[in-house]
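Coordinates as given in upload.txt (compact mmCIF, C-alpha atoms):
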# COMPACT_ATOMS: atom_id res chain seq x y z
CA MET A 20 93.71 46.16 -73.57
CA ARG A 21 90.91 44.91 -75.73
CA HIS A 22 87.56 45.30 -74.04
CA MET A 23 85.56 42.09 -74.07
CA ARG A 24 82.37 41.12 -72.36
CA LYS A 25 80.05 38.17 -72.43
CA PHE A 26 76.84 37.80 -70.45
CA LEU A 27 74.57 34.82 -70.01
CA ILE A 28 71.12 35.28 -68.50
CA LEU A 29 69.06 32.32 -67.38
CA LEU A 30 65.38 33.19 -67.54
CA VAL A 31 63.44 29.95 -67.51
CA MET A 32 64.38 26.44 -66.53
CA ALA A 33 61.86 23.71 -65.93
CA SER A 34 62.32 20.02 -65.27
CA ILE A 35 59.55 17.46 -64.93
CA ALA A 36 59.97 13.85 -63.85
CA LEU A 37 57.00 11.53 -64.30
CA PRO A 38 57.61 8.04 -62.89
CA ILE A 39 54.66 5.97 -64.08
CA ALA A 40 55.40 2.50 -62.75
CA SER A 41 58.30 0.68 -61.20
CA ALA A 42 59.47 -2.89 -60.59
CA SER A 43 58.32 -4.45 -57.34
CA ALA A 44 57.85 -8.08 -56.38
CA ALA A 45 59.27 -10.86 -58.53
CA ASP A 46 55.80 -12.07 -59.46
CA ALA A 47 54.53 -8.66 -60.51
CA SER A 48 53.09 -8.14 -63.97
CA TRP A 49 55.17 -6.53 -66.73
CA THR A 50 53.45 -3.18 -66.20
CA ASP A 51 54.91 -3.07 -62.68
CA LYS A 52 58.42 -3.58 -64.03
CA ILE A 53 58.44 -0.53 -66.28
CA LYS A 54 59.31 3.03 -65.25
CA VAL A 55 58.85 5.97 -67.60
CA GLY A 56 60.32 9.43 -67.09
CA LEU A 57 59.93 12.74 -68.92
CA GLU A 58 62.13 15.82 -68.63
CA ALA A 59 61.43 19.13 -70.36
CA ARG A 60 63.69 22.16 -70.02
CA VAL A 61 63.33 25.62 -71.57
CA ARG A 62 66.19 28.12 -71.25
CA ASN A 63 66.47 31.65 -72.59
CA GLU A 64 69.89 33.22 -73.13
CA SER A 65 70.95 36.76 -73.93
CA GLN A 66 74.50 37.19 -75.19
CA PHE A 67 76.46 40.39 -75.78
CA ASP A 68 79.74 40.46 -77.70
CA TYR A 69 79.46 36.69 -77.96
CA ASP A 70 82.34 36.35 -80.43
CA LEU A 71 84.65 38.41 -78.16
CA ASN A 72 85.30 40.87 -80.96
CA ALA A 73 85.51 44.43 -79.63
CA LYS A 74 85.23 45.88 -83.14
CA ALA A 75 81.65 44.69 -83.61
CA GLU A 76 78.68 45.00 -81.29
CA ASP A 77 77.35 41.45 -81.48
CA LYS A 78 74.33 40.42 -79.49
CA ASP A 79 71.58 37.85 -79.68
CA ASN A 80 68.67 36.47 -77.69
CA PHE A 81 67.43 32.93 -78.18
CA SER A 82 65.63 30.11 -76.41
CA LEU A 83 66.77 26.52 -76.04
CA LEU A 84 64.54 23.49 -75.54
CA ARG A 85 65.65 20.08 -74.35
CA ALA A 86 63.20 17.21 -73.96
CA ARG A 87 64.12 13.72 -72.76
CA LEU A 88 61.96 10.62 -72.57
CA ASN A 89 63.33 7.56 -70.80
CA VAL A 90 62.13 4.02 -70.14
CA THR A 91 63.61 1.63 -67.58
CA ALA A 92 62.73 -2.05 -67.85
CA THR A 93 63.59 -4.52 -65.07
CA PRO A 94 62.31 -7.93 -66.20
CA THR A 95 64.27 -9.74 -63.46
CA GLU A 96 66.47 -8.74 -60.56
CA ASN A 97 69.55 -9.60 -62.65
CA PHE A 98 68.74 -7.60 -65.78
CA ARG A 99 67.89 -3.96 -66.32
CA GLY A 100 67.56 -1.99 -69.54
CA PHE A 101 67.52 1.77 -69.87
CA ILE A 102 66.87 3.92 -72.94
CA GLN A 103 66.67 7.71 -73.12
CA ILE A 104 65.63 9.61 -76.23
CA GLN A 105 66.46 13.29 -76.49
CA SER A 106 65.47 16.22 -78.66
CA SER A 107 67.70 19.29 -78.37
CA ARG A 108 66.53 22.35 -80.26
CA VAL A 109 66.90 26.09 -80.66
CA PHE A 110 63.52 27.78 -81.09
CA GLY A 111 63.00 28.81 -84.68
CA ASP A 112 65.66 26.57 -86.23
CA SER A 113 65.60 23.05 -87.57
CA ALA A 114 67.94 20.56 -85.99
CA LEU A 115 71.31 20.14 -87.70
CA SER A 116 70.53 23.04 -90.00
CA GLY A 117 73.20 25.04 -91.76
CA THR A 118 72.95 27.76 -89.15
CA PHE A 119 73.73 25.55 -86.18
CA GLY A 120 75.54 22.66 -87.85
CA PRO A 121 78.72 21.17 -86.38
CA GLY A 122 81.61 23.62 -86.53
CA ASN A 123 79.37 26.56 -87.44
CA THR A 124 78.59 29.04 -84.67
CA ALA A 125 77.21 31.86 -86.78
CA ARG A 126 75.47 33.54 -83.83
CA GLY A 127 77.74 32.39 -81.04
CA ILE A 128 75.63 29.32 -80.25
CA ALA A 129 77.21 25.89 -79.95
CA ALA A 130 75.93 23.08 -82.15
CA ASP A 131 73.30 22.00 -79.64
CA ASP A 132 70.62 20.95 -82.13
CA GLU A 133 70.32 17.23 -82.75
CA ASP A 134 66.58 16.66 -83.26
CA ILE A 135 65.70 13.11 -82.08
CA ALA A 136 68.74 11.18 -80.86
CA LEU A 137 69.72 8.44 -78.44
CA HIS A 138 71.22 10.12 -75.39
CA GLN A 139 71.50 6.91 -73.35
CA GLY A 140 70.80 3.28 -74.07
CA TYR A 141 72.41 0.51 -72.06
CA LEU A 142 71.92 -2.94 -70.55
CA ASP A 143 72.81 -3.81 -66.96
CA ILE A 144 73.69 -7.34 -65.89
CA ILE A 145 73.45 -7.40 -62.10
CA GLY A 146 74.86 -9.90 -59.64
CA ASN A 147 74.97 -9.16 -55.91
CA ASP A 148 77.03 -5.95 -55.58
CA LEU A 149 78.44 -6.12 -59.12
CA THR A 150 76.93 -4.50 -62.23
CA PHE A 151 78.20 -4.86 -65.78
CA ARG A 152 76.90 -2.07 -68.05
CA VAL A 153 77.26 -1.95 -71.82
CA GLY A 154 75.97 0.72 -74.18
CA ARG A 155 75.64 4.51 -74.29
CA GLN A 156 75.74 5.93 -70.78
CA GLU A 157 76.35 9.05 -68.75
CA MET A 158 79.45 9.12 -66.55
CA ILE A 159 79.29 11.23 -63.38
CA PHE A 160 82.20 11.35 -60.93
CA GLY A 161 82.29 13.71 -57.96
CA ASP A 162 81.29 17.27 -58.81
CA GLN A 163 81.91 16.58 -62.50
CA ARG A 164 84.96 18.81 -62.75
CA LEU A 165 86.75 16.27 -64.92
CA VAL A 166 84.12 13.73 -65.99
CA GLY A 167 80.40 14.44 -66.01
CA ALA A 168 77.16 14.58 -67.95
CA LEU A 169 77.51 18.32 -68.75
CA GLY A 170 73.90 19.01 -67.82
CA TRP A 171 74.23 22.74 -68.47
CA SER A 172 74.76 22.06 -72.17
CA ASN A 173 71.56 21.76 -74.15
CA ARG A 174 72.79 18.49 -75.61
CA GLY A 175 74.62 17.01 -72.63
CA ARG A 176 77.32 14.34 -72.73
CA SER A 177 77.25 10.56 -72.79
CA PHE A 178 79.78 7.86 -73.63
CA ASP A 179 79.74 4.65 -75.68
CA GLY A 180 81.40 1.70 -73.97
CA VAL A 181 81.39 -0.67 -71.03
CA SER A 182 81.51 -0.15 -67.27
CA LEU A 183 82.01 -2.53 -64.37
CA ILE A 184 80.57 -1.18 -61.10
CA HIS A 185 81.10 -2.69 -57.65
CA ASP A 186 78.95 -0.95 -55.04
CA THR A 187 78.97 -1.92 -51.33
CA ASP A 188 78.47 -0.16 -47.99
CA SER A 189 82.19 0.60 -47.80
CA HIS A 190 83.05 1.59 -51.36
CA LYS A 191 81.94 2.09 -54.94
CA ALA A 192 84.44 1.20 -57.66
CA THR A 193 83.91 1.83 -61.37
CA LEU A 194 86.12 0.52 -64.15
CA PHE A 195 85.29 1.74 -67.66
CA PHE A 196 86.39 1.72 -71.28
CA HIS A 197 84.77 4.05 -73.81
CA LEU A 198 85.20 4.77 -77.50
CA ILE A 199 85.05 8.53 -77.96
CA GLN A 200 84.91 8.68 -81.76
CA ARG A 201 84.87 6.01 -84.44
CA ASN A 202 87.32 6.69 -87.24
CA ALA A 203 86.77 4.62 -90.38
CA ALA A 204 90.48 3.93 -90.85
CA GLY A 205 90.93 2.32 -87.45
CA THR A 206 89.60 -0.46 -85.31
CA THR A 207 89.33 -0.78 -81.56
CA THR A 208 89.45 -4.03 -79.62
CA LEU A 209 89.28 -4.87 -75.94
CA ALA A 210 90.74 -8.30 -75.24
CA LEU A 211 90.76 -10.12 -71.92
CA SER A 212 92.67 -13.35 -72.39
CA PRO A 213 94.69 -15.56 -70.00
CA LEU A 214 98.07 -16.51 -71.39
CA PRO A 215 99.43 -19.93 -70.40
CA PRO A 216 100.98 -20.63 -68.02
CA THR A 217 99.35 -17.58 -66.43
CA PRO A 218 96.74 -18.64 -63.82
CA PRO A 219 93.14 -18.12 -64.95
CA ALA A 220 92.69 -15.43 -62.29
CA LEU A 221 95.26 -13.21 -64.03
CA VAL A 222 94.57 -11.75 -67.45
CA THR A 223 96.22 -9.43 -69.92
CA VAL A 224 94.34 -6.41 -71.22
CA THR A 225 94.97 -5.20 -74.77
CA PHE A 226 93.52 -1.93 -76.05
CA GLY A 227 93.46 -1.34 -79.77
CA ALA A 228 95.40 -2.90 -82.60
CA PRO A 229 98.29 -1.87 -84.88
CA GLY A 230 97.26 1.17 -86.91
CA ASN A 231 94.36 1.98 -84.58
CA ASN A 232 93.38 5.67 -84.59
CA ASP A 233 90.11 5.66 -82.62
CA PRO A 234 90.20 7.93 -79.52
CA MET A 235 89.73 5.87 -76.36
CA PHE A 236 88.89 6.92 -72.80
CA PHE A 237 89.36 4.45 -69.95
CA GLY A 238 90.12 4.36 -66.25
CA ALA A 239 88.85 3.79 -62.74
CA ASN A 240 87.11 5.79 -60.02
CA VAL A 241 86.90 4.50 -56.45
CA THR A 242 84.79 6.10 -53.71
CA LEU A 243 85.82 5.06 -50.21
CA LYS A 244 82.68 5.74 -48.20
CA GLU A 245 84.07 5.07 -44.71
CA ILE A 246 87.17 7.28 -44.87
CA GLY A 247 86.26 10.63 -43.36
CA ASN A 248 83.18 11.90 -45.15
CA GLY A 249 84.05 9.96 -48.27
CA LEU A 250 87.14 9.96 -50.46
CA ASP A 251 87.28 9.64 -54.24
CA VAL A 252 90.45 8.40 -55.92
CA TYR A 253 90.62 8.23 -59.72
CA LEU A 254 92.93 7.37 -62.57
CA PHE A 255 91.85 8.26 -66.11
CA GLY A 256 93.59 7.62 -69.41
CA PHE A 257 93.01 9.01 -72.89
CA VAL A 258 94.66 7.86 -76.12
CA ASP A 259 94.15 9.35 -79.59
CA ARG A 260 96.65 8.25 -82.23
CA ASP A 261 95.18 9.80 -85.36
CA GLY A 262 98.47 10.22 -87.19
CA GLN A 263 97.66 13.82 -88.13
CA THR A 264 100.28 16.58 -88.17
CA ILE A 265 99.05 19.53 -86.16
CA ASN A 266 102.01 21.88 -86.77
CA PRO A 267 103.92 21.14 -90.00
CA ALA A 268 106.83 23.30 -88.81
CA LYS A 269 107.65 20.64 -86.21
CA VAL A 270 108.25 16.93 -86.42
CA GLN A 271 105.03 15.60 -84.95
CA ASP A 272 103.34 12.22 -85.13
CA GLY A 273 99.76 13.25 -84.40
CA ASN A 274 99.61 11.33 -81.11
CA LEU A 275 97.84 12.42 -77.95
CA ALA A 276 98.11 10.24 -74.86
CA PHE A 277 97.87 11.24 -71.22
CA ALA A 278 96.87 9.95 -67.79
CA THR A 279 95.20 11.87 -64.95
CA LEU A 280 95.57 10.90 -61.28
CA GLY A 281 93.53 12.68 -58.64
CA PHE A 282 91.45 12.68 -55.48
CA ARG A 283 88.39 14.43 -54.07
CA THR A 284 86.76 14.71 -50.65
CA LYS A 285 83.78 16.79 -49.63
CA ASP A 286 81.58 17.56 -46.63
CA MET A 287 79.16 20.46 -47.00
CA PRO A 288 76.49 20.11 -44.27
CA GLY A 289 73.43 22.30 -44.11
CA ASP A 290 74.52 23.58 -40.72
CA GLY A 291 78.06 24.40 -39.64
CA ILE A 292 81.44 24.43 -41.38
CA GLY A 293 82.07 22.38 -44.52
CA TYR A 294 84.82 21.82 -47.05
CA ASP A 295 85.43 20.59 -50.58
CA LEU A 296 88.90 19.56 -51.79
CA GLU A 297 90.05 18.17 -55.13
CA GLY A 298 93.42 17.86 -56.80
CA ALA A 299 94.78 16.18 -59.91
CA VAL A 300 98.02 15.78 -61.82
CA GLN A 301 98.32 14.89 -65.50
CA GLY A 302 101.17 13.58 -67.61
CA GLY A 303 101.67 12.31 -71.13
CA GLU A 304 102.43 13.62 -74.61
CA ASN A 305 100.78 15.79 -77.24
CA ASP A 306 102.68 15.04 -80.44
CA ASP A 307 106.30 15.92 -79.63
CA VAL A 308 105.37 18.07 -76.62
CA GLY A 309 105.37 16.53 -73.16
CA ILE A 310 102.39 17.08 -70.84
CA MET A 311 102.88 17.76 -67.14
CA ALA A 312 100.05 19.68 -65.52
CA PHE A 313 98.13 20.01 -62.28
CA ALA A 314 94.88 21.49 -60.98
CA GLY A 315 93.44 22.11 -57.53
CA HIS A 316 90.19 23.17 -55.89
CA VAL A 317 89.65 24.29 -52.28
CA ALA A 318 86.31 25.47 -50.89
CA LEU A 319 85.17 26.35 -47.37
CA GLY A 320 81.53 26.86 -46.50
CA PHE A 321 79.37 27.77 -43.56
CA GLY A 322 75.71 26.76 -43.52
CA VAL A 323 72.96 28.24 -41.36
CA GLU A 324 70.19 25.68 -40.99
CA ASP A 325 67.69 28.10 -39.44
CA ALA A 326 68.06 30.58 -42.31
CA SER A 327 66.26 28.59 -45.02
CA GLY A 328 69.38 26.92 -46.35
CA LEU A 329 71.61 30.00 -46.33
CA LYS A 330 75.24 29.06 -46.99
CA LEU A 331 78.34 31.20 -47.29
CA LEU A 332 81.04 29.79 -49.55
CA ALA A 333 84.58 30.81 -50.42
CA GLU A 334 86.66 28.87 -52.92
CA TYR A 335 90.01 28.97 -54.66
CA ASN A 336 90.93 27.22 -57.91
CA ILE A 337 94.29 26.84 -59.59
CA ALA A 338 95.43 25.20 -62.83
CA SER A 339 98.88 25.10 -64.34
CA GLY A 340 97.76 25.47 -67.95
CA ASP A 341 100.05 24.26 -70.71
CA ASN A 342 103.25 25.24 -72.48
CA PRO A 343 102.54 26.65 -75.99
CA ASN A 344 106.06 25.69 -77.04

Show this structure as structure tokens.
Amino acid sequence: MRHMRKFLILLVMASIALPIASASAADASWTDKIKVGLEARVRNESQFDYDLNAKAEDKDNFSLLRARLNVTATPTENFRGFIQIQSSRVFGDSALSGTFGPGNTARGIAADDEDIALHQGYLDIIGNDLTFRVGRQEMIFGDQRLVGALGWSNRGRSFDGVSLIHDTDSHKATLFFHLIQRNAAGTTTLALSPLPPTPPALVTVTFGAPGNNDPMFFGANVTLKEIGNGLDVYLFGFVDRDGQTINPAKVQDGNLAFATLGFRTKDMPGDGIGYDLEGAVQGGENDDVGIMAFAGHVALGFGVEDASGLKLLAEYNIASGDNPN
């Protein structure tokens, strides 16, 4: 059996948040309606045999820097704007250089350089318990096993699209539609239009157009706050019809489309017994190959409040994987 090893050592991590001012009363001046935040993180990594090639002794040590500056503006109680600028760098290399460019991992490092870029930038329109958000935004559901901001990555993850959020004491529901990648040959449309004689309260939703090949991610996540210690139920969909042939030996149409249905519930107190459960099933198609998969997570914990936050945790994870045929 080939001997492989890969080690990651975290030496330094620092995060700083500097709220300068925040919105208060409706008659406050503009300086009281602005909040500014700064985050700076430095991480050192040592990797051994990073390309998983037992024939060569590959190792490297490098430092990553991520800096984020954000501004939140709340001119009125019904409007909120948020913008977050990010610089993601590897010490000693220019951003988007040939060494760390997309698709090139010459020293086992992902393409995490992007110099100055927009990590988030969105507008919220707020009415009572309902928020409509449009722009580039992070998406965080549960423990981020399926959808999250990928904070460990030096670049992180955000999505371009729209979200509708309904947040009350009993539940929080999020509907979203995001464009994952813009392909020049395709167009993406989201149409909400009543069709006579359909009542105005009912609408039809149309995603995309004939010939569309832009990958789209959409779905819903509902958190039921009053059921047990909280229950998350989600349904996600992904469609990518790029028309590319992945394996010429087979008759394939280059289509990827699947849906994921799952749930999650968690209660991990600082003292006593806790649990964390999550399960999901997925179905769809990848070219001419059908997708039917599942994944599960079970964790049991025991916290000791008088022992400075000591917690013992045991967990089990299972995933079906896929069929290479």

Pairwise distance, CA of Asp259 in chain A with CA of Ala239 in chain A, equals 18.5 Å

Top pick for closest residue to Leu250 in chain A, considering A:Leu296, A:Glu58, A:Met235, A:Pro288 and counting only C-alpha atoms =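 Using only C-alpha atoms, Leu250 in chain A sits closest to A:Leu296.
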
Which residue out of A:Lys285, A:Lys330, A:Lys191, A:Arg62 has the minimum interatomic distance to Ala86 in chain A when only C-alpha atoms are used?
->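 Nearest to Ala86 in chain A: A:Arg62.
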
Point-to-point distance in Å for CA of Met158 in chain A and CA of Gln103 in chain A |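 That distance, rounded to one decimal, is 14.4 Å.
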
Tell me, in Å to one decimal, how far CA of Asn305 in chain A is from CA of Phe277 in chain A.
->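 Computed distance, CA of Asn305 in chain A to CA of Phe277 in chain A, equals 8.1 Å.
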
Scan for residues within 12 Å of the point (86.1, 1.2, -52.8) in the coordinates of the file, using all atoms listed in the file, and reply as a ChimeraX atom specification.
-> /A:148,184-194,239-246,249-253

Spatial neighbours of Glu304 in chain A, 6 Å, only C-alpha atoms, chain gap at least 3 places, as a list in words |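 That gives Leu275, Ala276, Val308, Gly309 and Ile310 of chain A.
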
Would you kindly identify which residues have an atom no farther than 8 Å from (60.2, -1.8, -68.2), using only C-alpha atoms and the file's own coordinates, and write them out as a count of residues only?
-> 15

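For Phe98 in chain A, the list of residues within 10 Å, based on all atoms listed in the file and with local chain neighbours fewer than 4 positions off taken out, reads Ala92, Thr93, Pro94, Leu142, Asp143, Ile144, Ile145, Gly146, Thr150 and Phe151 of chain A.
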
In terms of the shortest atom-to-atom distance over only C-alpha atoms, which of A:Gly154, A:Ser339, A:Leu149, A:Arg85 is closest to Ser172 in chain A?
->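 Between A:Gly154, A:Ser339, A:Leu149, A:Arg85, the residue approaching Ser172 in chain A most closely is A:Arg85.
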
With all atoms listed in the file as the atoms that count, which of A:Glu334, A:Glu64, A:Glu157, A:Asp179 lies nearest to Gly315 in chain A?
->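 So, comparing all the options, the nearest one is A:Glu334.
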
Between A:Phe321, A:Ser107, A:Gly161, A:His316, which is the closest to Asn173 in chain A once you count all atoms listed in the file?
-> A:Ser107

Residues within 6 Å of Gln139 in chain A, only C-alpha atoms, excluding chain neighbours under 5 positions, as a PyMOL selection string = chain A and resi 102-103+155-156

Given all atoms listed in the file as the counted atoms, nearest of A:Thr284, A:Phe67, A:Asn147, A:Gln105 to Asp134 in chain A |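 Smallest distance to Asp134 in chain A is found for A:Gln105.
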
Hey, what's within 9 Å of Ile199 in chain A if we count only C-alpha atoms and toss same-chain stuff fewer than 2 positions away? As a count of residues only, please?
-> 9

Selection: 10 Å around Arg164 in chain A, all atoms listed in the file, excl. self and same-chain fewer than 5 positions, as a ChimeraX atom specification | /A:159,169,297,316

With C-alpha atoms retained, export the selected residues as a PDB file, in the coordinates of the input.
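As written to disk, again.pdb reads:
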ATOM      1  CA  ILE A 159      79.290  11.230 -63.380  1.00  0.00           C
ATOM      2  CA  LEU A 169      77.510  18.320 -68.750  1.00  0.00           C
ATOM      3  CA  GLU A 297      90.050  18.170 -55.130  1.00  0.00           C
ATOM      4  CA  HIS A 316      90.190  23.170 -55.890  1.00  0.00           C
TER       5      HIS A 316
END
